[in-house]
>>> print(open('protein-v5.csv').read())   # CSV, C-alpha atoms and all ligand atoms
chain,number,residue,atom,x,y,z
N,1,MET,CA,47.0,114.8,21.2
N,2,ILE,CA,49.5,116.2,18.7
N,3,GLN,CA,52.8,114.4,18.7
N,4,PHE,CA,56.2,116.1,18.1
N,5,GLN,CA,59.8,115.3,18.7
N,6,TYR,CA,61.9,117.4,21.1
N,7,THR,CA,65.6,118.0,20.8
N,8,ARG,CA,67.6,120.2,23.2
N,9,ALA,CA,70.6,121.9,21.6
N,10,THR,CA,73.6,123.0,23.6
N,11,GLU,CA,75.5,124.8,20.9
N,12,ALA,CA,74.6,126.6,17.7
N,13,ARG,CA,75.9,123.9,15.3
N,14,MET,CA,73.9,121.3,17.1
N,15,ALA,CA,70.7,123.4,16.8
N,16,LEU,CA,71.4,124.0,13.0
N,17,ASP,CA,71.9,120.3,12.4
N,18,ALA,CA,68.8,119.4,14.3
N,19,ILE,CA,66.6,121.9,12.5
N,20,SER,CA,67.7,120.8,9.1
N,21,LYS,CA,66.4,117.2,9.7
N,22,ASP,CA,62.9,118.0,8.5
N,23,GLN,CA,61.2,121.0,7.0
N,24,SER,CA,58.5,121.4,9.7
N,25,SER,CA,61.1,121.7,12.6
N,26,MET,CA,61.0,124.9,14.6
N,27,PHE,CA,63.3,126.5,17.2
N,28,ILE,CA,61.8,127.2,20.6
N,29,ALA,CA,63.4,129.8,22.9
N,30,GLY,CA,61.1,131.2,25.7
N,31,GLY,CA,58.1,129.5,24.1
N,32,THR,CA,55.7,132.4,25.0
N,33,ASN,CA,54.5,132.6,21.5
N,34,LEU,CA,55.3,129.3,19.9
N,35,VAL,CA,53.5,127.2,22.6
N,36,ASP,CA,50.3,129.3,22.2
N,37,LEU,CA,50.5,128.7,18.4
N,38,MET,CA,51.0,125.0,18.8
N,39,LYS,CA,48.2,124.6,21.4
N,40,ARG,CA,45.8,126.2,18.9
N,41,GLY,CA,47.0,124.2,16.0
N,42,ILE,CA,48.2,127.2,14.1
N,43,VAL,CA,51.6,125.8,13.7
N,44,THR,CA,52.3,122.0,13.9
N,45,PRO,CA,56.0,121.3,13.9
N,46,GLU,CA,57.0,117.7,13.9
N,47,ARG,CA,60.2,118.6,15.8
N,48,ILE,CA,61.0,121.4,18.1
N,49,VAL,CA,64.6,122.3,18.7
N,50,ASP,CA,65.1,123.9,22.1
N,51,ILE,CA,67.7,126.6,21.9
N,52,SER,CA,67.1,128.1,25.3
N,53,ARG,CA,70.5,126.6,26.6
N,54,LEU,CA,72.7,128.0,23.9
N,55,PRO,CA,75.3,130.5,25.1
N,56,LEU,CA,73.7,133.4,23.2
N,57,ASN,CA,72.5,135.6,26.1
N,58,LYS,CA,75.5,138.0,26.4
N,59,ILE,CA,75.1,141.8,26.2
N,60,SER,CA,78.3,143.6,25.4
N,61,TYR,CA,79.8,146.7,23.9
N,62,GLU,CA,82.5,146.3,21.3
N,63,GLY,CA,83.8,148.8,18.7
N,64,LYS,CA,81.0,151.3,19.4
N,65,VAL,CA,78.4,148.6,18.8
N,66,LEU,CA,76.0,147.3,21.4
N,67,LYS,CA,75.7,143.5,20.9
N,68,ILE,CA,72.7,141.6,22.3
N,69,GLY,CA,72.6,137.8,22.1
N,70,SER,CA,69.3,136.4,20.7
N,71,LEU,CA,68.6,134.5,23.9
N,72,ALA,CA,69.0,137.5,26.2
N,73,LEU,CA,65.6,137.9,28.0
N,74,ASN,CA,63.5,140.9,27.3
N,75,SER,CA,63.6,141.8,31.0
N,76,THR,CA,67.4,141.4,31.2
N,77,VAL,CA,67.9,143.7,28.2
N,78,ALA,CA,65.5,146.3,29.5
N,79,GLU,CA,67.3,146.4,32.9
N,80,ASN,CA,70.8,146.3,31.4
N,81,LYS,CA,72.8,149.5,32.3
N,82,LEU,CA,74.6,149.7,28.9
N,83,VAL,CA,71.2,149.5,27.1
N,84,GLN,CA,69.7,152.1,29.4
N,85,HIS,CA,72.6,154.4,29.0
N,86,LYS,CA,73.3,154.0,25.3
N,87,HIS,CA,69.8,153.3,23.9
N,88,PRO,CA,67.1,154.2,26.5
N,89,LEU,CA,64.5,154.0,23.6
N,90,LEU,CA,65.1,150.2,23.4
N,91,ALA,CA,64.7,149.8,27.1
N,92,GLN,CA,61.5,151.8,27.1
N,93,ALA,CA,60.0,149.8,24.1
N,94,LEU,CA,60.8,146.5,25.9
N,95,ASN,CA,59.2,147.6,29.1
N,96,ALA,CA,56.1,148.7,27.1
N,97,GLY,CA,55.6,145.1,25.9
N,98,ALA,CA,53.7,142.2,27.5
N,99,SER,CA,53.9,141.7,31.3
N,100,ALA,CA,56.8,141.3,33.7
N,101,GLN,CA,56.3,137.6,33.8
N,102,ILE,CA,56.3,137.3,30.0
N,103,ARG,CA,59.3,139.6,29.7
N,104,ASN,CA,61.2,137.2,32.1
N,105,MET,CA,60.7,134.3,29.6
N,106,ALA,CA,60.6,136.1,26.2
N,107,THR,CA,63.9,136.3,24.3
N,108,VAL,CA,65.2,138.9,21.8
N,109,GLY,CA,65.1,136.5,18.9
N,110,GLY,CA,61.6,135.2,19.8
N,111,ASN,CA,60.3,138.8,20.2
N,112,ILE,CA,61.4,139.8,16.7
N,113,LEU,CA,59.9,136.6,15.2
N,114,GLN,CA,56.6,136.6,17.1
N,115,ARG,CA,53.6,136.2,14.9
N,116,THR,CA,50.7,138.7,14.3
N,117,ARG,CA,48.0,139.0,16.9
N,118,CYS,CA,45.3,139.3,14.2
N,119,HIS,CA,42.3,137.3,15.6
N,120,TYR,CA,41.6,135.8,12.1
N,121,PHE,CA,45.1,134.3,12.3
N,122,TYR,CA,44.5,132.9,15.8
N,123,ASP,CA,41.0,131.5,15.2
N,124,THR,CA,41.4,128.4,13.0
N,125,SER,CA,37.7,128.4,12.1
N,126,LEU,CA,38.1,131.7,10.2
N,127,PRO,CA,39.7,132.4,6.9
N,128,CYS,CA,43.3,133.6,7.0
N,129,ASN,CA,45.9,133.7,4.1
N,130,LYS,CA,48.7,134.0,6.6
N,131,ARG,CA,47.7,130.8,8.5
N,132,GLU,CA,46.3,128.9,5.5
N,133,PRO,CA,47.3,130.5,2.1
N,134,GLY,CA,44.4,130.8,-0.3
N,135,THR,CA,41.6,130.8,2.3
N,136,GLY,CA,41.1,134.6,2.1
N,137,CYS,CA,41.6,137.5,4.6
N,138,GLY,CA,38.8,137.6,7.1
N,139,ALA,CA,39.9,141.0,8.4
N,140,LEU,CA,39.6,142.8,5.1
N,141,GLU,CA,35.8,143.0,5.4
N,142,GLY,CA,35.6,141.9,9.1
N,143,PHE,CA,36.6,143.4,12.4
N,144,ASN,CA,39.8,145.2,11.6
N,145,ARG,CA,40.3,147.7,14.4
N,146,MET,CA,43.8,146.6,15.2
N,147,HIS,CA,44.9,146.3,11.6
N,148,ALA,CA,47.3,148.0,9.1
N,149,ILE,CA,47.0,151.4,7.5
N,150,PHE,CA,50.3,151.2,5.6
N,151,GLY,CA,51.8,148.5,3.3
N,152,PHE,CA,48.9,146.0,3.4
N,153,SER,CA,47.8,143.9,0.4
N,154,ASP,CA,44.5,142.4,-0.6
N,155,LYS,CA,45.8,139.1,0.9
N,156,CYS,CA,46.5,140.4,4.4
N,157,ILE,CA,46.1,143.5,6.5
N,158,ALA,CA,47.6,142.2,9.7
N,159,VAL,CA,50.2,144.1,11.7
N,160,HIS,CA,53.5,143.1,13.4
N,161,PRO,CA,53.0,143.2,17.2
N,162,SER,CA,56.5,143.6,18.5
N,163,ASP,CA,57.4,146.8,20.5
N,164,MET,CA,61.1,146.1,20.6
N,165,SER,CA,61.3,145.8,16.8
N,166,VAL,CA,60.0,149.3,16.4
N,167,ALA,CA,62.8,150.7,18.5
N,168,LEU,CA,65.4,148.5,16.8
N,169,LEU,CA,64.3,149.8,13.4
N,170,ALA,CA,64.6,153.4,14.6
N,171,LEU,CA,68.0,152.7,16.0
N,172,ASP,CA,69.4,151.2,12.7
N,173,ALA,CA,70.0,147.8,14.2
N,174,THR,CA,71.3,144.8,12.4
N,175,VAL,CA,70.3,141.1,12.9
N,176,LEU,CA,73.1,138.6,12.9
N,177,VAL,CA,72.0,135.1,11.7
N,178,GLU,CA,73.6,131.8,11.0
N,179,GLY,CA,72.4,129.1,8.6
N,180,SER,CA,73.8,126.1,6.7
N,181,LYS,CA,75.8,128.5,4.4
N,182,GLY,CA,77.4,130.5,7.3
N,183,GLN,CA,76.6,133.8,9.0
N,184,ARG,CA,75.1,136.9,7.5
N,185,ARG,CA,73.9,140.3,8.7
N,186,ILE,CA,70.4,141.7,7.8
N,187,PRO,CA,69.7,145.4,8.3
N,188,PHE,CA,66.6,145.6,10.5
N,189,GLY,CA,64.6,147.4,7.9
N,190,ASP,CA,65.0,144.4,5.6
N,191,PHE,CA,64.3,141.8,8.2
N,192,HIS,CA,60.5,141.8,8.2
N,193,ARG,CA,58.4,141.6,4.9
N,194,LEU,CA,55.3,143.3,3.7
N,195,PRO,CA,52.5,140.8,3.0
N,196,GLY,CA,52.2,141.1,-0.8
N,197,ASP,CA,51.0,137.8,-2.3
N,198,LYS,CA,52.8,135.7,0.4
N,199,PRO,CA,51.5,136.9,3.8
N,200,GLU,CA,52.4,133.5,5.2
N,201,ILE,CA,56.1,134.6,5.1
N,202,ASP,CA,56.8,137.2,7.8
N,203,THR,CA,60.5,137.7,7.4
N,204,ASN,CA,63.5,137.3,5.1
N,205,LEU,CA,65.1,134.8,7.3
N,206,LEU,CA,65.8,131.6,5.3
N,207,PRO,CA,64.5,128.3,6.4
N,208,GLY,CA,66.6,126.8,9.2
N,209,GLU,CA,68.5,130.1,10.0
N,210,LEU,CA,69.2,130.9,13.6
N,211,ILE,CA,69.2,134.4,15.0
N,212,LEU,CA,72.4,134.8,16.9
N,213,GLY,CA,71.9,138.4,18.0
N,214,VAL,CA,71.2,142.0,17.2
N,215,GLU,CA,73.7,144.8,17.0
N,216,VAL,CA,72.9,148.5,17.6
N,217,PRO,CA,75.5,151.1,16.5
N,218,ASP,CA,76.4,154.1,18.6
N,219,ASN,CA,74.3,157.2,17.8
N,220,GLY,CA,73.6,160.5,19.3
N,221,PHE,CA,70.0,159.8,20.3
N,222,ALA,CA,70.3,158.8,24.0
N,223,LYS,CA,69.5,162.3,25.3
N,224,ASN,CA,66.3,162.8,23.2
N,225,SER,CA,64.3,159.7,22.5
N,226,HIS,CA,60.9,158.4,23.5
N,227,TYR,CA,58.8,155.3,22.9
N,228,LEU,CA,55.1,156.1,23.0
N,229,LYS,CA,52.6,153.2,23.0
N,230,VAL,CA,48.9,153.8,22.6
N,231,ARG,CA,46.8,150.9,23.6
N,232,ASP,CA,43.4,149.9,25.0
N,233,ARG,CA,44.8,149.2,28.5
N,234,ALA,CA,47.7,150.8,30.3
N,235,SER,CA,49.6,147.5,30.4
N,236,TYR,CA,49.4,144.0,29.0
N,237,ALA,CA,47.9,145.1,25.6
N,238,PHE,CA,49.3,145.3,22.1
N,239,ALA,CA,49.8,148.7,20.4
N,240,LEU,CA,47.0,150.3,18.5
N,241,VAL,CA,49.8,152.7,17.4
N,242,SER,CA,53.3,153.1,18.8
N,243,VAL,CA,56.0,155.6,18.0
N,244,ALA,CA,59.8,155.3,18.5
N,245,ALA,CA,61.1,158.8,18.2
N,246,ALA,CA,64.7,159.9,18.5
N,247,LEU,CA,66.3,163.3,17.9
N,248,GLN,CA,69.8,164.8,17.9
N,249,ILE,CA,69.4,168.4,19.0
N,250,GLU,CA,72.0,171.2,19.1
N,251,LYS,CA,71.0,174.7,20.3
N,252,LYS,CA,67.3,173.9,19.7
N,253,VAL,CA,67.9,172.9,16.1
N,254,ILE,CA,67.3,169.3,15.0
N,255,LYS,CA,70.5,167.7,13.6
N,256,ASP,CA,69.2,164.2,13.0
N,257,ALA,CA,66.0,162.3,13.5
N,258,ARG,CA,64.6,158.8,13.6
N,259,ILE,CA,60.9,157.9,13.6
N,260,ALA,CA,59.3,154.4,13.4
N,261,LEU,CA,55.8,153.3,14.0
N,262,GLY,CA,54.3,150.1,15.4
N,263,GLY,CA,50.8,148.7,15.1
N,264,VAL,CA,50.3,150.2,11.6
N,265,ALA,CA,51.8,147.7,9.1
N,266,HIS,CA,52.9,144.1,8.6
N,267,LYS,CA,56.4,145.2,9.6
N,268,PRO,CA,57.7,148.0,11.8
N,269,TRP,CA,57.3,151.1,9.7
N,270,ARG,CA,60.1,153.6,9.3
N,271,LEU,CA,59.3,157.2,8.3
N,272,ALA,CA,62.3,158.3,6.3
N,273,GLU,CA,60.7,161.3,4.6
N,274,ALA,CA,59.3,162.7,7.9
N,275,GLU,CA,62.8,162.2,9.4
N,276,ARG,CA,64.5,164.1,6.6
N,277,SER,CA,61.9,166.9,6.9
N,278,LEU,CA,63.0,167.5,10.5
N,279,ILE,CA,66.7,168.0,9.8
N,280,GLY,CA,67.7,171.7,10.2
N,281,LYS,CA,64.3,172.6,11.6
N,282,PRO,CA,63.8,174.2,15.0
N,283,VAL,CA,62.4,172.1,17.9
N,284,SER,CA,58.8,173.3,17.6
N,285,GLU,CA,55.3,172.1,17.4
N,286,ALA,CA,55.1,173.3,13.7
N,287,SER,CA,58.2,171.2,12.7
N,288,PHE,CA,56.6,168.1,14.3
N,289,GLN,CA,53.2,168.7,12.8
N,290,GLN,CA,54.8,169.0,9.3
N,291,ALA,CA,56.7,165.7,9.9
N,292,ALA,CA,53.5,164.0,11.0
N,293,LEU,CA,51.7,165.2,7.9
N,294,LEU,CA,54.4,163.8,5.7
N,295,ALA,CA,54.4,160.5,7.7
N,296,MET,CA,50.8,159.8,6.8
N,297,GLN,CA,51.2,160.0,3.0
N,298,GLY,CA,49.8,156.8,1.5
N,299,ALA,CA,48.0,155.7,4.7
N,300,LYS,CA,44.5,154.2,4.3
N,301,GLY,CA,42.1,153.0,6.9
N,302,PHE,CA,39.5,150.2,6.9
N,303,LYS,CA,36.0,150.2,8.3
N,304,HIS,CA,37.0,149.9,12.0
N,305,ASN,CA,40.5,151.4,12.1
N,306,GLU,CA,40.1,154.8,10.4
N,307,PHE,CA,40.7,156.3,13.9
N,308,LYS,CA,44.4,155.4,13.3
N,309,LEU,CA,44.6,158.0,10.6
N,310,LYS,CA,44.3,160.6,13.3
N,311,LEU,CA,45.8,158.7,16.2
N,312,ALA,CA,49.1,158.0,14.3
N,313,PRO,CA,50.0,161.6,13.4
N,314,ASN,CA,48.9,162.8,16.9
N,315,SER,CA,51.1,160.2,18.5
N,316,ILE,CA,54.1,161.1,16.3
N,317,VAL,CA,53.8,164.8,17.4
N,318,GLN,CA,53.4,163.8,21.0
N,319,ALA,CA,56.4,161.4,20.9
N,320,LEU,CA,58.6,164.0,19.3
N,321,LYS,CA,57.5,166.6,21.9
N,322,VAL,CA,58.4,164.3,24.7
N,323,ALA,CA,61.7,163.2,23.1
N,324,SER,CA,62.7,166.9,22.7
N,325,ARG,CA,61.5,167.7,26.2
N,326,MET,CA,59.0,170.2,25.0
N,327,VAL,CA,56.5,168.6,27.4
X,401,LIG,C1,49.8,137.7,26.8
X,401,LIG,C2,50.9,138.2,26.0
X,401,LIG,C3,51.0,139.6,25.8
X,401,LIG,C4,52.1,140.1,25.0
X,401,LIG,N1,52.2,141.4,24.8
X,401,LIG,C5,53.3,141.9,24.1
X,401,LIG,C6,53.4,143.3,23.8
X,401,LIG,O1,52.6,144.1,24.3
X,401,LIG,N2,54.5,143.7,23.0
X,401,LIG,C7,55.3,142.8,22.5
X,401,LIG,O2,56.3,143.2,21.8
X,401,LIG,N3,55.2,141.5,22.7
X,401,LIG,C8,54.2,141.0,23.5
X,401,LIG,N4,54.0,139.7,23.6
X,401,LIG,C9,54.8,138.8,22.8
X,401,LIG,C10,56.1,138.3,23.5
X,401,LIG,O3,57.0,139.4,23.6
X,401,LIG,C11,56.6,137.2,22.6
X,401,LIG,O4,55.8,136.1,22.8
X,401,LIG,C12,58.1,136.9,23.0
X,401,LIG,O5,58.9,138.0,22.8
X,401,LIG,C13,58.5,135.7,22.1
X,401,LIG,O6,59.8,135.3,22.6
X,401,LIG,P1,60.1,133.8,23.0
X,401,LIG,O7,61.5,133.7,23.3
X,401,LIG,O8,59.1,133.3,24.0
X,401,LIG,O9,59.8,133.1,21.6
X,401,LIG,P2,59.2,131.7,21.2
X,401,LIG,O10,57.8,131.6,21.5
X,401,LIG,O11,60.1,130.6,21.8
X,401,LIG,O12,59.5,131.7,19.6
X,401,LIG,C14,58.8,132.6,18.8
X,401,LIG,C15,59.2,132.3,17.4
X,401,LIG,O13,60.6,132.7,17.2
X,401,LIG,C16,61.4,131.6,16.7
X,401,LIG,N5,62.7,131.7,17.4
X,401,LIG,C17,62.9,132.1,18.7
X,401,LIG,N6,64.2,132.3,18.8
X,401,LIG,C18,64.8,132.2,17.7
X,401,LIG,C19,66.2,132.3,17.2
X,401,LIG,N7,67.2,132.7,18.0
X,401,LIG,N8,66.4,132.1,15.9
X,401,LIG,C20,65.5,131.7,15.0
X,401,LIG,N9,64.2,131.5,15.4
X,401,LIG,C21,63.9,131.8,16.7
X,401,LIG,C22,60.6,130.3,17.1
X,401,LIG,O14,60.8,129.3,16.2
X,401,LIG,C23,59.2,130.8,17.0
X,401,LIG,O15,58.8,130.8,15.6
X,401,LIG,C24,53.0,139.2,24.4
X,401,LIG,C25,52.9,137.8,24.6
X,401,LIG,C26,51.8,137.3,25.4
X,401,LIG,C27,51.7,135.8,25.5
>>> encode(input="protein-v5.csv", output="structure tokens")
Amino acid sequence: MIQFQYTRATEARMALDAISKDQSSMFIAGGTNLVDLMKRGIVTPERIVDISRLPLNKISYEGKVLKIGSLALNSTVAENKLVQHKHPLLAQALNAGASAQIRNMATVGGNILQRTRCHYFYDTSLPCNKREPGTGCGALEGFNRMHAIFGFSDKCIAVHPSDMSVALLALDATVLVEGSKGQRRIPFGDFHRLPGDKPEIDTNLLPGELILGVEVPDNGFAKNSHYLKVRDRASYAFALVSVAAALQIEKKVIKDARIALGGVAHKPWRLAEAERSLIGKPVSEASFQQAALLAMQGAKGFKHNEFKLKLAPNSIVQALKVASRMV
């Protein structure tokens, strides 16, 4: 049996003090990812700091910003009227993830920080640079159907599995964190990392930092947005490809656009050039096809995931069509 210490924190300062006691300490929120990782021996913290009782589950709207506490449950956020009204894309992405039971346990902070679902990462008998740096990437030459087509390195081709993060990226969210040096805000696009030479590090969160919440600014995308998730089963499966698409449309002309992909890279993948290409264009299949073509520049498939090179642009076009109510 693996032994570990358990500390329950009731306020943020207590959690930050407890986590700083030793380097292997980890926060636990809903536990739906961390407990699995501990059971399989993928992570072995000597202390877990239970933050589930911290008062960080509020959802509020202040100064044209939607503020969501890091301990708000995925199901609570998805069902919240403010979220549904202001950012339906976020509610849709949350409801596309996991199962109702898991969404009732899973928190916003934990969702953003969940680890990859790459089976080489989960199987401790196989090589994985993310789990054990220097052992190699089993997926590079192995079974890589779920893996990245953008932003990968020769050390790691895993993808980030969170649906909610794809919507938060498209919605220009910010992550509010607190550590020993105080609070700071991280734009969502800078939160997750590409694998490079250090695939074991998923994010730019510093050791011991606590996520306090996420903030989503007002935007004009509520009327025309859509989260499309393509997966092997209709529910309870991770994305092969997902698309968060949001448009501002006036008199059938696109005024602004946001597109982000999930299931294609080590981090949620924003498509800035494709977004720009849509501005000023009419709402039409041709505009969407052109954006999808631009979106795929630099994409490369592996032996078992080349289908994503077609699936991704097709999904982008479909998501934009639904968002603009063409279909
Ligand atoms: C069977 C199954 C299917 C799933 N399907 C999907 C899916 O389709 N789409 C999807 O998006 N997700 C899916 N998930 C993942 C699920 O959404 C995550 O497990 C969940 O969101 C993690 O939240 P948690 O609160 O349980 O995190 P925990 O397991 O408690 O923690 C996860 C990580 O986050 C850290 N952490 C948690 N909160 C904080 C904080 N506030 N500050 C700093 N660090 C923190 C922990 O230290 C840990 O490293 C699935 C999970 C399972 C088990």
>>> residues_around(input="protein-v5.csv", residues="Pro55 of chain N", least_positions_apart="3", cutoff="9 Å", atoms="all atoms listed in the file", output="CSV table (one decimal) with C-alpha atoms, in the frame of the given file")
chain,number,residue,atom,x,y,z
N,10,THR,CA,73.6,123.0,23.6
N,11,GLU,CA,75.5,124.8,20.9
N,12,ALA,CA,74.6,126.6,17.7
N,52,SER,CA,67.1,128.1,25.3
N,58,LYS,CA,75.5,138.0,26.4
N,69,GLY,CA,72.6,137.8,22.1
N,71,LEU,CA,68.6,134.5,23.9
>>> closest_residue(input="protein-v5.csv", among="N:Asp17, N:Asp163, N:Asp190, N:Asp172", to="ligand LIG 401 (chain X)", atoms="only C-alpha atoms and all ligand atoms")
N:Asp163
>>> residues_near_ligand(input="protein-v5.csv", ligand="ligand LIG 401 (chain X)", cutoff="6 Å", atoms="only C-alpha atoms and all ligand atoms", output="VMD selection string")
chain N and resid 26 to 34 70 97 to 98 105 to 107 109 to 111 113 to 114 161 to 164 210 to 212 236 to 238
>>> residues_near_point(input="protein-v5.csv", point="(64.0, 162.8, 24.5)", cutoff="10 Å", atoms="only C-alpha atoms", output="CSV table (one decimal) with C-alpha atoms, in the coordinates of the input")
chain,number,residue,atom,x,y,z
N,88,PRO,CA,67.1,154.2,26.5
N,89,LEU,CA,64.5,154.0,23.6
N,221,PHE,CA,70.0,159.8,20.3
N,222,ALA,CA,70.3,158.8,24.0
N,223,LYS,CA,69.5,162.3,25.3
N,224,ASN,CA,66.3,162.8,23.2
N,225,SER,CA,64.3,159.7,22.5
N,226,HIS,CA,60.9,158.4,23.5
N,227,TYR,CA,58.8,155.3,22.9
N,245,ALA,CA,61.1,158.8,18.2
N,246,ALA,CA,64.7,159.9,18.5
N,247,LEU,CA,66.3,163.3,17.9
N,248,GLN,CA,69.8,164.8,17.9
N,249,ILE,CA,69.4,168.4,19.0
N,319,ALA,CA,56.4,161.4,20.9
N,320,LEU,CA,58.6,164.0,19.3
N,321,LYS,CA,57.5,166.6,21.9
N,322,VAL,CA,58.4,164.3,24.7
N,323,ALA,CA,61.7,163.2,23.1
N,324,SER,CA,62.7,166.9,22.7
N,325,ARG,CA,61.5,167.7,26.2
N,326,MET,CA,59.0,170.2,25.0
N,327,VAL,CA,56.5,168.6,27.4
>>> residues_around(input="protein-v5.csv", residues="segment 128-142 of chain N", least_positions_apart="3", cutoff="8 Å", atoms="all atoms listed in the file", output="PyMOL selection string")
chain N and resi 42+120-121+147+154-158+198-201+302-303
>>> decode(input="protein-v5.csv", residues="segment 284-297 of chain N", atoms="N, CA and C atoms", output="short mmCIF file (atom, residue, chain, number, x, y, z; two decimals), in the first residue's frame")
data_model
loop_
_atom_site.label_atom_id
_atom_site.label_comp_id
_atom_site.auth_asym_id
_atom_site.auth_seq_id
_atom_site.Cartn_x
_atom_site.Cartn_y
_atom_site.Cartn_z
N SER N 284 -21.13 32.02 -45.23
CA SER N 284 -21.32 31.11 -46.37
C SER N 284 -20.39 29.91 -46.22
N GLU N 285 -20.75 28.85 -46.89
CA GLU N 285 -19.93 27.63 -46.88
C GLU N 285 -18.51 27.96 -47.38
N ALA N 286 -18.43 28.82 -48.40
CA ALA N 286 -17.11 29.14 -48.98
C ALA N 286 -16.21 29.83 -47.94
N SER N 287 -16.78 30.78 -47.17
CA SER N 287 -15.99 31.46 -46.13
C SER N 287 -15.48 30.44 -45.12
N PHE N 288 -16.34 29.51 -44.73
CA PHE N 288 -15.98 28.54 -43.70
C PHE N 288 -14.94 27.55 -44.23
N GLN N 289 -15.09 27.16 -45.50
CA GLN N 289 -14.11 26.22 -46.10
C GLN N 289 -12.73 26.87 -46.15
N GLN N 290 -12.70 28.15 -46.49
CA GLN N 290 -11.41 28.84 -46.58
C GLN N 290 -10.75 28.93 -45.20
N ALA N 291 -11.56 29.22 -44.19
CA ALA N 291 -11.03 29.29 -42.82
C ALA N 291 -10.48 27.93 -42.40
N ALA N 292 -11.21 26.87 -42.76
CA ALA N 292 -10.78 25.52 -42.37
C ALA N 292 -9.47 25.15 -43.06
N LEU N 293 -9.32 25.59 -44.30
CA LEU N 293 -8.07 25.32 -45.04
C LEU N 293 -6.89 26.00 -44.34
N LEU N 294 -7.09 27.26 -43.97
CA LEU N 294 -6.04 28.00 -43.25
C LEU N 294 -5.72 27.34 -41.91
N ALA N 295 -6.78 26.87 -41.27
CA ALA N 295 -6.62 26.27 -39.93
C ALA N 295 -5.67 25.08 -39.96
N MET N 296 -5.63 24.38 -41.06
CA MET N 296 -4.87 23.13 -41.11
C MET N 296 -3.42 23.31 -41.53
N GLN N 297 -3.00 24.54 -41.76
CA GLN N 297 -1.60 24.76 -42.13
C GLN N 297 -0.70 24.25 -41.01
#
